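Have a look at structure.txt; it's compact mmCIF, C-alpha atoms:
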# COMPACT_ATOMS: atom_id res chain seq x y z
CA MET A 1 -26.08 0.91 17.81
CA PRO A 2 -26.55 -1.73 15.10
CA PRO A 3 -25.97 -5.35 16.11
CA GLY A 4 -22.53 -6.51 15.04
CA ALA A 5 -21.00 -3.07 15.62
CA LEU A 6 -17.32 -3.11 16.44
CA THR A 7 -17.56 -1.86 19.99
CA ARG A 8 -15.71 -4.35 22.18
CA GLU A 9 -11.99 -5.07 22.22
CA ARG A 10 -12.90 -8.66 21.49
CA ASP A 11 -14.65 -7.56 18.28
CA VAL A 12 -11.43 -5.90 17.15
CA ARG A 13 -9.38 -9.01 17.97
CA GLU A 14 -11.77 -11.15 15.93
CA ALA A 15 -11.77 -8.69 13.05
CA TYR A 16 -7.98 -8.71 13.17
CA ALA A 17 -7.80 -12.50 13.11
CA ALA A 18 -10.15 -12.64 10.13
CA HIS A 19 -8.83 -9.80 7.98
CA ALA A 20 -5.39 -8.56 9.05
CA GLY A 21 -3.58 -10.87 6.62
CA GLU A 22 -5.39 -9.52 3.60
CA LEU A 23 -5.17 -5.91 4.78
CA TYR A 24 -1.45 -6.30 5.36
CA GLY A 25 -1.01 -7.92 1.94
CA PHE A 26 -2.67 -4.99 0.25
CA ALA A 27 -0.80 -2.44 2.39
CA MET A 28 2.49 -4.10 1.45
CA ARG A 29 1.57 -4.10 -2.21
CA SER A 30 0.69 -0.41 -2.27
CA LEU A 31 3.29 0.93 0.18
CA GLY A 32 6.15 -1.44 -0.58
CA ASP A 33 7.54 -1.17 2.93
CA SER A 34 6.86 -3.53 5.81
CA GLY A 35 7.16 -0.81 8.47
CA LEU A 36 4.67 1.44 6.71
CA ALA A 37 2.38 -1.52 6.02
CA GLU A 38 2.32 -2.41 9.72
CA GLU A 39 1.61 1.21 10.59
CA ALA A 40 -1.23 1.26 8.06
CA VAL A 41 -2.82 -1.92 9.40
CA GLN A 42 -2.59 -0.72 13.00
CA GLU A 43 -4.07 2.64 12.07
CA THR A 44 -6.87 0.90 10.16
CA PHE A 45 -7.94 -1.10 13.22
CA LEU A 46 -7.65 1.97 15.46
CA ARG A 47 -9.90 3.97 13.15
CA ALA A 48 -12.30 1.04 12.91
CA TRP A 49 -12.39 0.88 16.70
CA ARG A 50 -13.05 4.62 17.01
CA ALA A 51 -15.86 4.44 14.45
CA GLY A 52 -17.00 1.00 15.64
CA GLU A 53 -20.49 2.10 16.57
CA ARG A 54 -21.09 3.24 13.03
CA PHE A 55 -20.28 -0.10 11.44
CA ASP A 56 -23.48 -1.79 10.29
CA PRO A 57 -23.20 -5.27 8.79
CA GLN A 58 -26.57 -4.69 7.12
CA ILE A 59 -24.93 -2.11 4.86
CA GLY A 60 -21.76 -3.92 3.90
CA SER A 61 -19.34 -6.59 5.03
CA LEU A 62 -16.73 -5.94 7.69
CA ARG A 63 -14.07 -6.79 5.13
CA THR A 64 -15.31 -4.14 2.69
CA TRP A 65 -15.51 -1.59 5.48
CA LEU A 66 -11.97 -2.31 6.69
CA PHE A 67 -10.63 -2.07 3.15
CA ALA A 68 -12.35 1.30 2.71
CA ILE A 69 -10.64 2.53 5.90
CA LEU A 70 -7.28 1.10 4.82
CA ARG A 71 -7.64 2.80 1.46
CA ASN A 72 -7.93 6.17 3.22
CA VAL A 73 -5.06 5.33 5.54
CA VAL A 74 -2.84 4.48 2.58
CA ILE A 75 -3.75 7.79 0.92
CA ASP A 76 -2.90 9.69 4.12
CA LEU A 77 0.34 7.76 4.57
CA GLY A 78 1.28 8.50 0.98
CA ARG A 79 0.73 12.19 1.61
CA ALA A 80 2.73 12.11 4.81
CA ARG A 81 5.54 10.33 3.00
CA ALA A 82 5.44 12.89 0.19
CA VAL A 83 6.30 15.70 2.62
CA ARG A 84 8.95 13.64 4.39
CA PRO A 85 12.32 15.23 3.74
CA GLY A 86 14.15 12.20 2.35
CA VAL A 87 11.73 11.59 -0.45
CA ALA A 88 11.10 15.21 -1.37
CA GLU A 89 14.77 16.15 -1.48
CA GLY A 90 15.98 12.95 -3.06
CA GLY A 91 13.85 13.71 -6.08
CA VAL A 92 13.48 10.02 -6.93
CA GLU A 93 9.97 9.08 -6.00
CA PRO A 94 9.10 5.52 -6.98
CA SER A 95 6.35 5.46 -9.54
CA VAL A 96 3.11 5.05 -7.66
CA GLU A 97 0.20 3.09 -9.04
CA PRO A 98 -3.13 4.90 -8.63
CA LEU A 99 -4.66 3.49 -5.49
CA ASP A 100 -7.89 2.16 -6.93
CA GLU A 101 -5.99 0.36 -9.63
CA ALA A 102 -3.79 -1.12 -6.89
CA LEU A 103 -6.87 -2.28 -5.01
CA LEU A 104 -8.33 -3.89 -8.12
CA ALA A 105 -5.00 -5.52 -8.96
CA TRP A 106 -4.67 -6.81 -5.45
CA GLN A 107 -8.16 -8.34 -5.55
CA VAL A 108 -7.39 -10.20 -8.78
CA GLU A 109 -4.08 -11.43 -7.37
CA GLU A 110 -5.67 -12.51 -4.10
CA ALA A 111 -8.44 -14.34 -6.01
CA MET A 112 -5.75 -16.09 -8.07
CA ARG A 113 -4.06 -17.24 -4.88
CA ARG A 114 -7.30 -18.73 -3.63
CA ILE A 115 -8.22 -20.88 -6.60
CA GLY A 116 -6.70 -24.33 -7.11
CA GLU A 117 -3.14 -24.69 -8.36
CA GLN A 118 -4.21 -26.52 -11.55
CA HIS A 119 -6.65 -23.76 -12.43
CA ARG A 120 -4.19 -20.96 -11.72
CA GLN A 121 -1.52 -22.74 -13.72
CA VAL A 122 -3.52 -23.00 -16.97
CA LEU A 123 -4.71 -19.40 -16.66
CA VAL A 124 -1.14 -18.18 -16.20
CA GLU A 125 0.19 -20.24 -19.10
CA THR A 126 -2.58 -19.63 -21.63
CA TYR A 127 -3.71 -16.14 -20.70
CA TYR A 128 -0.79 -14.29 -19.10
CA ARG A 129 1.97 -16.06 -21.05
CA GLY A 130 -0.13 -16.46 -24.21
CA ARG A 131 1.01 -20.02 -24.87
CA PRO A 132 -0.92 -22.33 -27.22
CA TYR A 133 -3.24 -24.83 -25.51
CA ALA A 134 -1.54 -27.76 -27.28
CA GLU A 135 1.86 -26.79 -25.93
CA VAL A 136 0.57 -26.36 -22.38
CA ALA A 137 -1.24 -29.70 -22.66
CA GLU A 138 1.91 -31.48 -23.75
CA GLU A 139 3.93 -29.96 -20.97
CA LEU A 140 1.37 -31.00 -18.37
CA GLY A 141 0.90 -34.42 -19.98
CA VAL A 142 -2.89 -34.03 -20.36
CA PRO A 143 -5.19 -33.84 -23.39
CA GLU A 144 -5.75 -30.40 -24.88
CA GLY A 145 -9.44 -30.69 -23.98
CA THR A 146 -8.43 -30.90 -20.33
CA VAL A 147 -6.52 -27.62 -20.54
CA LYS A 148 -9.58 -26.04 -22.12
CA SER A 149 -11.89 -27.33 -19.43
CA ARG A 150 -9.48 -26.23 -16.68
CA VAL A 151 -9.55 -22.73 -18.16
CA TYR A 152 -13.35 -22.81 -17.95
CA TYR A 153 -13.48 -24.11 -14.36
CA GLY A 154 -10.65 -21.77 -13.39
CA LEU A 155 -12.62 -18.73 -14.54
CA ARG A 156 -15.69 -20.02 -12.72
CA ALA A 157 -13.66 -20.47 -9.54
CA LEU A 158 -12.32 -16.93 -9.89
CA ARG A 159 -15.84 -15.63 -10.25
CA VAL A 160 -16.91 -17.38 -7.04
CA VAL A 161 -13.87 -16.14 -5.09
CA LEU A 162 -14.30 -12.56 -6.32
CA GLU A 163 -17.94 -12.65 -5.26
CA GLU A 164 -16.92 -13.94 -1.83
CA MET A 165 -14.45 -11.09 -1.59
CA GLY A 166 -17.26 -8.66 -2.25
CA TYR A 167 -16.21 -7.62 -5.71
CA GLU A 168 -19.00 -5.85 -7.54
CA ASP A 169 -18.64 -4.66 -11.07
CA MET B 1 -33.28 -24.16 -23.25
CA LYS B 2 -30.75 -26.65 -22.03
CA THR B 3 -29.87 -29.33 -24.55
CA GLU B 4 -27.33 -32.09 -24.95
CA SER B 5 -25.23 -29.73 -27.04
CA CYS B 6 -24.85 -27.41 -24.03
CA ARG B 7 -22.58 -29.91 -22.38
CA GLU B 8 -20.22 -30.05 -25.34
CA TRP B 9 -20.09 -26.27 -25.67
CA ARG B 10 -19.88 -25.42 -22.00
CA GLU B 11 -16.23 -26.23 -21.55
CA SER B 12 -15.29 -24.01 -24.47
CA LEU B 13 -16.77 -20.99 -22.72
CA GLY B 14 -13.56 -20.27 -20.79
CA ALA B 15 -11.38 -20.18 -23.89
CA TYR B 16 -14.13 -18.17 -25.59
CA ALA B 17 -14.17 -15.56 -22.79
CA LEU B 18 -10.40 -15.20 -23.10
CA GLY B 19 -10.57 -14.86 -26.89
CA HIS B 20 -8.65 -18.10 -27.39
CA LEU B 21 -11.08 -20.08 -29.56
CA PRO B 22 -10.12 -20.71 -33.19
CA ASP B 23 -12.45 -18.97 -35.65
CA ASP B 24 -14.39 -22.05 -36.72
CA GLU B 25 -15.05 -23.17 -33.16
CA ARG B 26 -16.04 -19.66 -32.15
CA ALA B 27 -18.56 -19.42 -34.99
CA GLY B 28 -20.12 -22.71 -33.94
CA LEU B 29 -20.28 -21.66 -30.28
CA GLU B 30 -21.82 -18.30 -31.10
CA ALA B 31 -24.50 -20.02 -33.16
CA HIS B 32 -25.31 -22.09 -30.07
CA LEU B 33 -25.29 -19.04 -27.77
CA ASP B 34 -27.77 -17.27 -30.04
CA GLY B 35 -30.27 -19.98 -29.29
CA CYS B 36 -29.44 -20.78 -25.64
CA ALA B 37 -30.09 -18.14 -22.99
CA GLU B 38 -28.51 -20.25 -20.27
CA CYS B 39 -25.15 -20.63 -22.02
CA ARG B 40 -25.32 -17.00 -23.07
CA ALA B 41 -25.68 -15.91 -19.43
CA GLU B 42 -22.73 -18.09 -18.44
CA ALA B 43 -20.62 -16.64 -21.26
CA ASP B 44 -21.51 -13.10 -20.22
CA SER B 45 -20.58 -13.68 -16.62
CA LEU B 46 -17.23 -15.23 -17.55
CA ALA B 47 -16.59 -12.27 -19.84
CA LEU B 48 -16.88 -10.00 -16.78
CA VAL B 49 -14.28 -12.07 -14.92
CA SER B 50 -11.97 -12.13 -17.93
CA ARG B 51 -12.03 -8.34 -18.14
CA LEU B 52 -10.50 -8.18 -14.64
CA LEU B 53 -7.58 -10.45 -15.49
CA PRO B 54 -5.38 -7.76 -17.10
CA HIS B 55 -5.34 -5.94 -13.73
CA GLY B 56 -3.51 -8.82 -12.05
CA ASP B 57 0.24 -9.22 -12.18
CA PRO B 58 1.14 -12.94 -12.54
CA GLU B 59 4.44 -12.26 -10.77
CA ARG B 60 2.37 -11.55 -7.68
CA PHE B 61 0.25 -14.70 -7.59
CA GLY B 62 2.58 -16.33 -5.08
CA PRO B 63 1.93 -16.30 -1.34
CA ALA B 64 1.27 -12.80 0.00
CA PRO B 65 3.50 -11.54 2.81
CA ALA B 66 1.99 -12.21 6.22
CA PRO B 67 1.93 -9.58 8.96
CA PRO B 68 4.43 -10.17 11.77
CA THR B 69 2.83 -12.02 14.66
CA ALA B 70 3.73 -9.18 17.05
CA LEU B 71 1.44 -6.81 15.15
CA ALA B 72 -1.67 -8.47 16.64
CA GLY B 73 -0.43 -7.63 20.13
CA ARG B 74 0.43 -4.06 19.18
CA VAL B 75 -3.01 -3.48 17.68
CA ALA B 76 -4.70 -4.95 20.75
CA ALA B 77 -2.54 -2.78 23.03
CA ALA B 78 -3.25 0.36 20.99
CA VAL B 79 -7.00 -0.29 21.13
CA ALA B 80 -6.84 -0.97 24.87
CA ALA B 81 -4.89 2.25 25.43
CA GLU B 82 -7.42 4.14 23.39
CA ARG B 83 -10.29 2.70 25.45
CA ARG B 84 -8.58 3.72 28.70
CA ASP B 85 -8.00 7.21 27.31
CA GLY B 86 -11.57 7.46 26.07
CA ARG B 87 -12.86 9.43 29.02
CA ARG B 88 -9.94 11.83 28.97
CA ARG B 89 -10.28 12.42 25.26
CA ARG B 90 -13.94 13.27 25.58
CA ARG B 91 -13.15 15.73 28.32
CA LEU B 92 -10.45 17.24 26.18
CA ARG B 93 -12.79 17.72 23.24
CA LEU B 94 -15.14 19.56 25.51
CA GLY B 95 -12.25 21.69 26.68
CA LEU B 96 -11.15 22.49 23.15
CA ALA B 97 -14.65 23.65 22.26
CA PHE B 98 -14.03 26.56 24.59
CA SER B 99 -10.60 27.31 23.23
CA GLY B 100 -9.29 30.70 22.29
CA ALA B 101 -10.21 33.99 23.85
CA THR B 102 -13.41 32.70 25.45
CA ALA B 103 -11.51 30.02 27.30
CA ALA B 104 -8.82 32.42 28.43
CA ALA B 105 -11.46 34.83 29.71
CA ALA B 106 -13.38 32.01 31.37
CA THR B 107 -10.21 30.68 33.00
CA ALA B 108 -9.27 34.11 34.25
CA ALA B 109 -12.76 34.76 35.64
CA LEU B 110 -12.82 31.35 37.30
CA ALA B 111 -9.40 31.85 38.82
CA ILE B 112 -10.37 35.23 40.23
CA PHE B 113 -13.50 33.73 41.66
CA ILE B 114 -11.69 30.80 43.25
CA LEU B 115 -8.70 32.76 44.41
CA PRO B 116 -10.02 36.08 45.70
CA GLY B 117 -7.12 38.36 46.43
CA GLY B 118 -4.70 36.18 44.41
CA SER B 119 -3.20 37.46 41.23
CA ALA B 120 -5.03 36.43 38.08
CA PRO B 121 -2.84 34.15 35.94
CA GLY B 122 -1.45 35.59 32.76
CA PRO B 123 -2.82 34.76 29.32
CA GLU B 124 -2.21 31.43 27.63
CA GLN B 125 0.82 31.21 25.39
CA HIS B 126 1.21 29.55 22.02
CA LEU B 127 4.54 28.05 21.10
CA THR B 128 5.69 26.67 17.77
CA PHE B 129 8.93 24.73 17.62
CA ARG B 130 10.99 26.07 14.73
CA SER B 131 14.07 23.86 14.28
CA VAL B 132 12.18 20.76 13.28
CA PRO B 133 12.59 18.55 10.19
CA GLN B 134 10.57 19.43 7.12
CA GLY B 135 7.04 18.07 7.34
CA VAL B 136 7.09 17.93 11.13
CA THR B 137 5.03 20.25 13.29
CA ILE B 138 5.38 20.56 17.03
CA ALA B 139 3.32 23.19 18.78
CA ALA B 140 2.02 23.78 22.27
CA THR B 141 -0.46 25.91 24.09
CA LEU B 142 0.45 26.72 27.68
CA ASN B 143 -2.28 27.62 30.12
CA PRO B 144 -1.38 29.11 33.48
CA GLN B 145 -3.25 27.29 36.23
CA ALA B 146 -3.42 27.55 40.00
CA PHE B 147 -1.46 24.28 40.24
CA GLY B 148 1.17 25.34 37.72
CA THR B 149 0.93 25.04 33.94
CA GLU B 150 -1.31 23.00 31.73
CA ILE B 151 0.37 22.01 28.45
CA HIS B 152 -1.49 21.06 25.28
CA MET B 153 0.91 19.42 22.85
CA TYR B 154 0.21 19.17 19.12
CA VAL B 155 2.46 16.98 17.00
CA LYS B 156 2.23 16.14 13.30
CA GLY B 157 4.37 14.31 10.80
CA ILE B 158 6.48 12.07 13.00
CA ARG B 159 6.37 8.31 13.07
CA SER B 160 3.25 6.89 14.68
CA GLY B 161 3.87 5.46 18.11
CA THR B 162 6.85 7.74 18.81
CA LEU B 163 7.29 8.40 22.49
CA CYS B 164 7.51 12.12 23.28
CA ARG B 165 8.89 13.27 26.60
CA VAL B 166 8.08 16.82 27.63
CA PHE B 167 10.01 19.00 30.08
CA MET B 168 9.67 22.54 31.30
CA ARG B 169 12.89 24.42 31.86
CA GLY B 170 12.85 26.30 35.16
CA PRO B 171 14.49 29.60 36.04
CA GLY B 172 17.65 27.79 37.18
CA GLY B 173 17.97 26.03 33.82
CA ALA B 174 16.93 22.62 35.14
CA ASP B 175 14.45 20.61 33.09
CA VAL B 176 11.46 19.34 35.04
CA SER B 177 9.46 16.49 33.54
CA ALA B 178 5.94 17.42 32.50
CA GLY B 179 5.05 13.91 31.39
CA THR B 180 5.06 11.76 28.30
CA PHE B 181 2.73 11.00 25.45
CA ARG B 182 2.80 8.93 22.34
CA TYR B 183 2.11 10.46 18.98
CA ARG B 184 -0.51 8.41 17.15
CA TRP B 185 -0.59 8.81 13.48
CA GLY B 186 -3.95 10.28 12.39
CA GLY B 187 -4.78 11.55 15.87
CA ASP B 188 -5.59 15.24 15.72
CA GLU B 189 -6.18 15.75 19.39
CA ALA B 190 -3.74 17.45 21.66
CA ALA B 191 -2.02 15.57 24.44
CA VAL B 192 -2.70 17.30 27.73
CA LEU B 193 0.15 17.38 30.22
CA SER B 194 0.79 19.39 33.31
CA SER B 195 3.68 20.78 35.28
CA ALA B 196 3.88 22.22 38.80
CA LEU B 197 6.10 24.97 37.42
CA ASP B 198 4.36 28.33 37.13
CA LEU B 199 4.23 29.52 33.55
CA SER B 200 5.62 32.91 34.58
CA ARG B 201 8.77 31.19 35.85
CA ALA B 202 9.24 28.77 32.93
CA ARG B 203 12.02 29.53 30.49
CA ALA B 204 11.49 26.95 27.77
CA LEU B 205 9.49 23.96 26.72
CA VAL B 206 11.64 20.95 25.81
CA VAL B 207 10.50 17.91 23.85
CA HIS B 208 12.53 14.72 23.41
CA ALA B 209 11.18 12.63 20.52
CA GLY B 210 12.75 9.99 18.30
CA GLY B 211 16.27 10.68 19.51
CA HIS B 212 15.96 14.44 18.96
CA THR B 213 15.61 17.30 21.38
CA PHE B 214 13.49 20.29 20.48
CA VAL B 215 13.48 23.46 22.54
CA ALA B 216 11.08 26.39 22.30
CA PRO B 217 11.73 29.42 24.49
CA ILE B 218 8.79 30.64 26.51
CA GLY B 219 8.38 34.35 25.93
CA GLY B 220 6.12 35.21 28.86
CA ASP B 221 8.99 36.47 30.95
CA LYS B 222 10.97 38.66 28.56
CA THR B 223 13.65 39.52 31.08
CA ALA B 224 14.50 35.89 31.60
CA MET B 225 14.92 35.51 27.87
CA TYR B 226 17.12 38.54 27.51
CA ASP B 227 19.19 37.64 30.56
CA LYS B 228 20.26 34.41 28.98
CA PRO B 229 18.85 33.79 25.52
CA GLN B 230 17.64 30.25 24.99
CA GLN B 231 19.24 28.44 22.15
CA GLU B 232 16.80 26.64 19.92
CA ALA B 233 18.51 23.39 19.32
CA THR B 234 18.12 20.24 17.34
CA THR B 235 20.50 17.54 18.36
Can the structure from this file be put into structure tokens for me?
Amino acid sequence: MPPGALTRERDVREAYAAHAGELYGFAMRSLGDSGLAEEAVQETFLRAWRAGERFDPQIGSLRTWLFAILRNVVIDLGRARAVRPGVAEGGVEPSVEPLDEALLAWQVEEAMRRIGEQHRQVLVETYYRGRPYAEVAEELGVPEGTVKSRVYYGLRALRVVLEEMGYED
Amino acid sequence: MKTESCREWRESLGAYALGHLPDDERAGLEAHLDGCAECRAEADSLALVSRLLPHGDPERFGPAPAPPTALAGRVAAAVAAERRDGRRRRRLRLGLAFSGATAAAATAALAIFILPGGSAPGPEQHLTFRSVPQGVTIAATLNPQAFGTEIHMYVKGIRSGTLCRVFMRGPGGADVSAGTFRYRWGGDEAAVLSSALDLSRARALVVHAGGHTFVAPIGGDKTAMYDKPQQEATT
């Protein structure tokens, strides 16, 4: 059994404390239902516990491993929901984002939450809203050069956060 | 090579990665990048980050929903329950490896050996509950035993954590509890329950789950069935 394997109940509690928030956030984003998201998170930790001896921190982070399990759980839950009478008979299935796109989207959104407010703000205004730097600068009451430099440091901060989250391109 | 000009160009790299630099500034920066490996590497790495941005939805940059505090306790309880059941589950897996005809033959041989002179129990019976919602499967395998009946319950498609109560209906029509189990989503193993009622005397298997009652007649004793046909019911 590799050291760091998830074999004691305490290991699961610690893993929960460290990662449940993120896992739940992603489950909510992809399932859109708090009951299903809770079910998915609980199932993820149960599966992790069952396979705990196989987890090897030398191979990948606990976070990455848990997300891989959650990804499968969400797929299974989606299938189970697809055969559930209400959805099948109602004929109105909400449009479902492909799961890997949802995971990528969630990582970008989570990274955005983790960088500083000033950095997020200029990225939202200049990139997502496409507003001119001069206009954003005036609104914030700072020189245009400051907006430009915040965009630079914002992207750097995003890079650091994404690396911490285990994103690999 | 790092030069004084790096400093003045550096802070334009963000706008450059996002395609926001005016043409004249971009031309000047690119001339610098051609001669500066360090700034070029920084520009490349920011370009990678910028390519991820379109995947994010700015409407979702606000605080993410937090899991309810009670979920931590439920997860801990589920793991603890699973640990307690660990030994039983392993035994069950071993039992299932001998399922089917081999197991029935082995059981019969064992019973004859243990109970010389006693009647060998009948064959195991497979039941599938029919009046169930679409997507739901409830099935059981009943094994006659010296002590009564061993019941293997298989459930699929109902909400995880649902409590299932199982009864065997006796010859007089009374339901005798055979135990409870909780369906765990993703669990493929059968729940093993037992009843003191002999399989040959049982009329039906009854499952209460999620506010519904499911009944499957037991066909071992045909006369009992024909005497008073069991209604398969979903309430």
Exercise answer, chain B residues close to chain A, 7 Å and all atoms listed in the file, as a list in words: Glu11, Ser12, Leu13, Gly14, Ala15, Leu46, Val49, Leu52, Leu53, His55, Gly56, Asp57, Pro58, Arg60, Phe61, Gly62, Ala64, Pro65, Ala66, Pro67, Val75, Ala76, Val79, Gln134, Gly135 and Gly157 of chain B
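Across A:Ala5, A:Ala134, A:Glu14, A:Gly35, the tightest approach to Gly60 in chain A is made by A:Ala5 when counting all atoms listed in the file.
From CA of Ile75 in chain A back to CA of Asp33 in chain A, the distance works out to 14.6 Å.
Proximity of A:His119, A:Arg79, A:Met165, A:Val142 to His19 in chain A, computed with all atoms listed in the file, is greatest for A:Met165.
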- prompt: Could you state the separation of CA of Ala27 in chain B and CA of Pro54 in chain B in Å, given to one decimal place?
  reply: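 Distance between the two atoms: 25.1 Å.
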